[in-house]
>>> print(open('target16.txt').read())   # compact mmCIF, C-alpha atoms
# COMPACT_ATOMS: atom_id res chain seq x y z
CA MET V 1 10.98 -10.05 20.12
CA GLY V 2 12.04 -11.56 16.81
CA ARG V 3 8.98 -10.95 14.70
CA ALA V 4 9.14 -7.16 14.72
CA ALA V 5 11.55 -4.32 14.11
CA VAL V 6 11.61 -0.55 14.56
CA ALA V 7 13.89 2.00 12.90
CA ALA V 8 13.98 5.69 13.80
CA CYS V 9 15.94 7.95 11.43
CA PRO V 10 16.41 11.66 12.31
CA LEU V 11 15.78 13.90 9.29
CA GLY V 12 16.70 17.22 10.88
CA HIS V 13 14.53 20.27 11.56
CA GLY V 14 12.74 18.40 14.34
CA GLN V 15 11.49 15.61 12.09
CA THR V 16 12.08 11.85 12.37
CA TYR V 17 11.24 9.11 9.90
CA VAL V 18 10.13 5.88 11.58
CA PHE V 19 9.25 2.52 10.10
CA LEU V 20 7.94 -0.47 12.02
CA THR V 21 7.69 -4.00 10.69
CA LEU V 22 5.82 -7.07 11.86
CA ASN V 23 6.02 -10.60 10.45
CA ARG V 24 2.60 -11.33 8.96
CA PRO V 25 1.22 -13.23 5.94
CA ALA V 26 1.00 -11.22 2.73
CA ARG V 27 -2.04 -8.94 2.47
CA ALA V 28 -2.97 -9.56 6.12
CA PRO V 29 -5.25 -6.90 7.64
CA ARG V 30 -3.61 -4.53 10.06
CA GLN V 31 -3.32 -5.69 13.65
CA PHE V 32 -4.41 -2.49 15.34
CA GLY V 33 -7.48 -0.31 15.48
CA SER V 34 -6.40 2.27 18.02
CA LEU V 35 -3.27 4.10 19.07
CA THR V 36 -3.09 1.98 22.23
CA GLU V 37 -3.18 -1.25 20.22
CA PHE V 38 -0.60 0.16 17.82
CA ARG V 39 1.85 0.92 20.63
CA GLU V 40 1.23 -2.47 22.24
CA LEU V 41 2.49 -4.32 19.16
CA TRP V 42 5.97 -2.81 19.65
CA SER V 43 5.87 -2.38 23.43
CA ASP V 44 8.97 -4.57 23.94
CA PHE V 45 11.19 -1.92 22.38
CA THR V 46 12.95 0.77 24.43
CA GLY V 47 15.17 3.76 23.71
CA PRO V 48 14.52 5.82 20.55
CA ALA V 49 11.88 3.35 19.34
CA SER V 50 9.85 3.73 22.51
CA ARG V 51 10.16 7.52 22.43
CA ALA V 52 9.02 7.59 18.80
CA LEU V 53 5.92 5.56 19.66
CA LEU V 54 5.11 7.82 22.60
CA ALA V 55 5.48 10.92 20.43
CA LEU V 56 2.80 9.65 18.04
CA GLU V 57 -0.43 11.42 18.96
CA ASN V 58 -2.78 9.69 16.51
CA LEU V 59 -2.83 7.25 13.59
CA ASP V 60 -3.69 9.81 10.93
CA GLY V 61 -0.22 9.80 9.40
CA VAL V 62 0.43 6.05 9.74
CA LEU V 63 0.75 4.17 6.46
CA HIS V 64 0.11 0.43 6.60
CA ASN V 65 1.38 -1.67 3.68
CA ASP V 66 3.19 -4.88 2.88
CA LEU V 67 6.93 -4.32 2.46
CA GLU V 68 8.04 -5.65 -0.91
CA ASP V 69 11.01 -5.31 -3.20
CA GLY V 70 11.34 -5.72 -6.93
CA LEU V 71 13.66 -5.38 -9.87
CA ALA V 72 12.45 -4.27 -13.30
CA PRO V 73 13.47 -6.59 -16.17
CA ARG V 74 15.00 -3.53 -17.86
CA PHE V 75 15.80 -0.05 -16.64
CA TRP V 76 15.30 1.55 -20.04
CA ALA V 77 13.59 1.41 -23.43
CA PRO V 78 14.31 3.66 -26.43
CA GLY V 79 13.94 7.21 -25.18
CA VAL V 80 12.72 6.19 -21.70
CA ALA V 81 14.51 5.41 -18.41
CA LEU V 82 13.31 4.04 -15.09
CA LEU V 83 15.01 5.08 -11.87
CA GLY V 84 14.48 4.75 -8.13
CA ASP V 85 11.64 2.52 -6.99
CA ALA V 86 10.30 2.26 -10.54
CA ALA V 87 13.46 0.35 -11.47
CA HIS V 88 14.44 -1.28 -8.18
CA SER V 89 12.24 -1.02 -5.10
CA VAL V 90 14.06 -2.24 -1.98
CA THR V 91 12.97 -3.03 1.56
CA PRO V 92 13.84 -0.25 4.06
CA ASN V 93 16.20 -2.31 6.22
CA MET V 94 19.33 -0.48 4.99
CA GLY V 95 17.75 2.91 4.39
CA GLN V 96 19.06 3.02 0.82
CA GLY V 97 15.92 3.35 -1.32
CA ALA V 98 15.94 7.13 -1.68
CA GLY V 99 19.72 7.15 -1.94
CA LEU V 100 19.62 4.77 -4.89
CA ALA V 101 17.14 7.05 -6.64
CA VAL V 102 19.47 10.05 -6.17
CA GLU V 103 22.41 8.00 -7.44
CA ASP V 104 20.41 6.99 -10.53
CA GLY V 105 19.62 10.63 -11.25
CA CYS V 106 23.28 11.64 -10.91
CA CYS V 107 24.34 8.79 -13.18
CA LEU V 108 21.82 9.76 -15.86
CA ALA V 109 22.81 13.43 -15.63
CA ASN V 110 26.43 12.47 -16.33
CA LEU V 111 25.63 10.10 -19.19
CA LEU V 112 22.88 11.83 -21.12
CA PRO V 113 23.77 14.23 -23.95
CA ALA V 114 24.11 17.81 -22.82
CA SER V 115 21.46 19.12 -25.23
CA PRO V 116 18.53 17.85 -27.32
CA LEU V 117 20.52 18.76 -30.44
CA GLU V 118 23.38 16.55 -29.35
CA ALA V 119 20.94 13.74 -28.58
CA SER V 120 19.45 13.95 -32.07
CA THR V 121 22.82 13.60 -33.78
CA GLY V 122 22.92 10.25 -35.55
CA THR V 123 19.19 9.57 -34.89
CA ARG V 124 18.48 8.36 -31.35
CA SER V 125 21.53 6.11 -31.01
CA VAL V 126 23.44 8.58 -28.81
CA LEU V 127 20.59 8.74 -26.31
CA ASN V 128 19.92 5.01 -26.31
CA ASP V 129 23.61 4.20 -25.92
CA ALA V 130 23.65 6.42 -22.82
CA LEU V 131 20.58 4.67 -21.40
CA ALA V 132 22.10 1.25 -22.02
CA GLU V 133 25.25 2.35 -20.20
CA TYR V 134 23.11 3.64 -17.35
CA GLU V 135 21.62 0.19 -16.83
CA ARG V 136 25.00 -1.52 -17.15
CA LEU V 137 26.37 0.68 -14.39
CA ARG V 138 23.40 0.78 -12.05
CA ARG V 139 21.85 -2.71 -12.14
CA PRO V 140 24.62 -4.54 -10.21
CA ARG V 141 24.52 -1.91 -7.45
CA ALA V 142 20.73 -2.10 -7.19
CA GLU V 143 20.76 -5.91 -7.13
CA TRP V 144 23.37 -5.95 -4.36
CA ILE V 145 21.51 -3.44 -2.19
CA LEU V 146 18.23 -5.29 -2.75
CA LYS V 147 19.69 -8.65 -1.69
CA GLN V 148 21.57 -7.21 1.30
CA SER V 149 18.50 -5.35 2.56
CA TYR V 150 16.25 -8.39 2.20
CA THR V 151 18.77 -10.62 4.00
CA LEU V 152 19.22 -8.10 6.81
CA GLY V 153 15.46 -7.95 7.32
CA LYS V 154 15.17 -11.73 7.45
CA ILE V 155 17.96 -11.98 10.01
CA ALA V 156 16.61 -9.11 12.11
CA GLN V 157 13.15 -10.67 12.35
CA LEU V 158 13.96 -14.30 13.04
CA GLU V 159 11.17 -15.91 15.04
CA SER V 160 13.16 -18.89 16.33
CA ALA V 161 14.64 -18.20 19.78
CA PRO V 162 17.74 -20.41 19.19
CA LEU V 163 18.42 -18.70 15.87
CA ARG V 164 18.05 -15.29 17.48
CA PHE V 165 20.54 -16.34 20.16
CA LEU V 166 23.05 -17.39 17.49
CA ARG V 167 22.45 -14.17 15.57
CA ASP V 168 23.06 -12.00 18.62
CA TRP V 169 26.15 -14.01 19.51
CA ALA V 170 27.55 -13.59 15.98
CA VAL V 171 26.85 -9.85 15.99
CA ARG V 172 28.69 -9.39 19.29
CA LEU V 173 31.74 -11.24 17.92
CA THR V 174 31.85 -9.42 14.58
CA PRO V 175 34.84 -7.04 14.49
CA ALA V 176 34.05 -3.39 13.97
CA SER V 177 36.32 -3.42 10.92
CA VAL V 178 33.93 -5.79 9.15
CA ASN V 179 31.02 -3.42 9.68
CA ASP V 180 33.18 -0.47 8.62
CA ARG V 181 34.07 -2.17 5.32
CA ALA V 182 30.44 -2.96 4.61
CA LEU V 183 29.40 0.61 5.37
CA ARG V 184 32.18 2.01 3.19
CA ARG V 185 30.97 -0.10 0.27
CA ILE V 186 27.45 1.22 0.74
CA ILE V 187 28.50 4.86 0.73
CA SER V 188 31.37 4.80 -1.78
CA ASP V 189 30.65 2.11 -4.39
CA MET V 190 28.27 4.12 -6.58
CA PRO V 191 28.84 3.19 -10.24
CA GLY V 192 28.20 6.08 -12.58
CA VAL V 193 28.29 8.69 -9.81
CA PRO V 194 31.39 10.92 -9.64
CA ILE V 195 32.77 10.99 -6.11
CA ASP V 196 35.61 13.11 -4.75
CA PRO V 197 38.20 10.55 -3.53
CA GLN V 198 39.12 12.86 -0.66
CA LEU V 199 35.61 12.55 0.75
CA MET V 200 36.05 8.78 0.95
CA ALA V 201 39.50 8.85 2.54
CA PRO V 202 39.66 7.32 6.06
CA THR V 203 39.70 9.92 8.82
>>> encode(input="target16.txt", output="structure tokens")
Amino acid sequence: MGRAAVAACPLGHGQTYVFLTLNRPARAPRQFGSLTEFRELWSDFTGPASRALLALENLDGVLHNDLEDGLAPRFWAPGVALLGDAAHSVTPNMGQGAGLAVEDGCCLANLLPASPLEASTGTRSVLNDALAEYERLRRPRAEWILKQSYTLGKIAQLESAPLRFLRDWAVRLTPASVNDRALRRIISDMPGVPIDPQLMAPT
């Protein structure tokens, strides 16, 4: 199946976050009215995806929305900052949306003046300089994650059988080192966030 995808992400404490996607026109009505119809849409999947669908007892907790991304023209205005989805909403294909929000918060915490008194020194320029630096540091990271996630989703949900064959063939031939480098960039290249180098050292 090329038009759909399922991701199951263990959260711990017996909870699992699951998202399911289906290629449909924007604002299309949902394709299911019952739990049976819901499961049928993703019935080709096996393994953790199948078990997640079987564990669902009703549709009460199912949210149905279009998946969209977006990038705010600016992340800040005098005295105000946007972070997380308010600044850069991303599709869930890389599981980085919440992580980006946490990174933004850490970056702001390290840049903002330590006290209101310090922020007021020299009018509001100290605060606004910190917010401008926040955007300078965080925007490239957010743009990269946004583009990578969108591209991954497009590739994962190709509808053309020949293109899916080529995709699967390319994935099988991709060295593990390439995937490792991409993953390391995701988890270590966090501008504005202090990271202990020892935590990023290869094991």
>>> residues_around(input="target16.txt", residues="region 185-197 of chain V", least_positions_apart="4", cutoff="6 Å", atoms="all atoms listed in the file", output="list in words")
Cys106, Cys107 and Leu137 of chain V
>>> atom_distance(input="target16.txt", atom1="CA of Gly84 (chain V)", atom2="CA of Leu63 (chain V)")
20.0 Å
>>> closest_residue(input="target16.txt", among="V:Pro48, V:Gly12, V:Pro113, V:Pro140", to="His88 (chain V)", atoms="only C-alpha atoms")
V:Pro140
>>> closest_residue(input="target16.txt", among="V:Phe38, V:Val6, V:Val102, V:Gln31", to="Leu56 (chain V)", atoms="all atoms listed in the file")
V:Phe38
>>> closest_residue(input="target16.txt", among="V:Val171, V:Ile155, V:Leu100, V:Leu183", to="Ala142 (chain V)", atoms="all atoms listed in the file")
V:Leu100
>>> residues_around(input="target16.txt", residues="Val62 (chain V)", least_positions_apart="5", cutoff="12 Å", atoms="all atoms listed in the file", output="PDB file with C-alpha atoms, in the frame of the given file")
ATOM      1  CA  TYR V  17      11.240   9.110   9.900  1.00  0.00           C
ATOM      2  CA  VAL V  18      10.130   5.880  11.580  1.00  0.00           C
ATOM      3  CA  PHE V  19       9.250   2.520  10.100  1.00  0.00           C
ATOM      4  CA  LEU V  20       7.940  -0.470  12.020  1.00  0.00           C
ATOM      5  CA  ARG V  30      -3.610  -4.530  10.060  1.00  0.00           C
ATOM      6  CA  PHE V  32      -4.410  -2.490  15.340  1.00  0.00           C
ATOM      7  CA  GLY V  33      -7.480  -0.310  15.480  1.00  0.00           C
ATOM      8  CA  SER V  34      -6.400   2.270  18.020  1.00  0.00           C
ATOM      9  CA  LEU V  35      -3.270   4.100  19.070  1.00  0.00           C
ATOM     10  CA  PHE V  38      -0.600   0.160  17.820  1.00  0.00           C
ATOM     11  CA  LEU V  53       5.920   5.560  19.660  1.00  0.00           C
ATOM     12  CA  LEU V  56       2.800   9.650  18.040  1.00  0.00           C
ATOM     13  CA  GLU V  57      -0.430  11.420  18.960  1.00  0.00           C
TER      14      GLU V  57
END
>>> residues_around(input="target16.txt", residues="Arg139 (chain V)", least_positions_apart="2", cutoff="12 Å", atoms="only C-alpha atoms", output="number ranges by chain")
V: 71-76, 82-84, 87-88, 100, 103-104, 107, 131-137, 141-146, 190-192
>>> axis_aligned_box(input="target16.txt", around="region 135-152 of chain V", padding_each_side="6 Å", output="lines of an AutoDock Vina configuration file")
center_x = 21.3
center_y = -4.9
center_z = -5.2
size_x = 22.1
size_y = 23.4
size_z = 36.0
>>> closest_residue(input="target16.txt", among="V:Pro10, V:Pro78, V:Gly97, V:Gly153", to="Asn128 (chain V)", atoms="all atoms listed in the file")
V:Pro78
>>> residues_around(input="target16.txt", residues="Arg3 (chain V)", least_positions_apart="5", cutoff="8 Å", atoms="only C-alpha atoms", output="PyMOL selection string")
chain V and resi 22-23+157-159
>>> atom_distance(input="target16.txt", atom1="CA of Arg184 (chain V)", atom2="CA of Asn93 (chain V)")
16.8 Å
>>> closest_residue(input="target16.txt", among="V:Gly79, V:Cys9, V:Asn65, V:Phe165", to="Ala28 (chain V)", atoms="all atoms listed in the file")
V:Asn65
>>> atom_distance(input="target16.txt", atom1="CA of Leu163 (chain V)", atom2="CA of Asp44 (chain V)")
18.8 Å
>>> closest_residue(input="target16.txt", among="V:Ser43, V:Ser125, V:Ser149, V:Thr36", to="Asp69 (chain V)", atoms="all atoms listed in the file")
V:Ser149
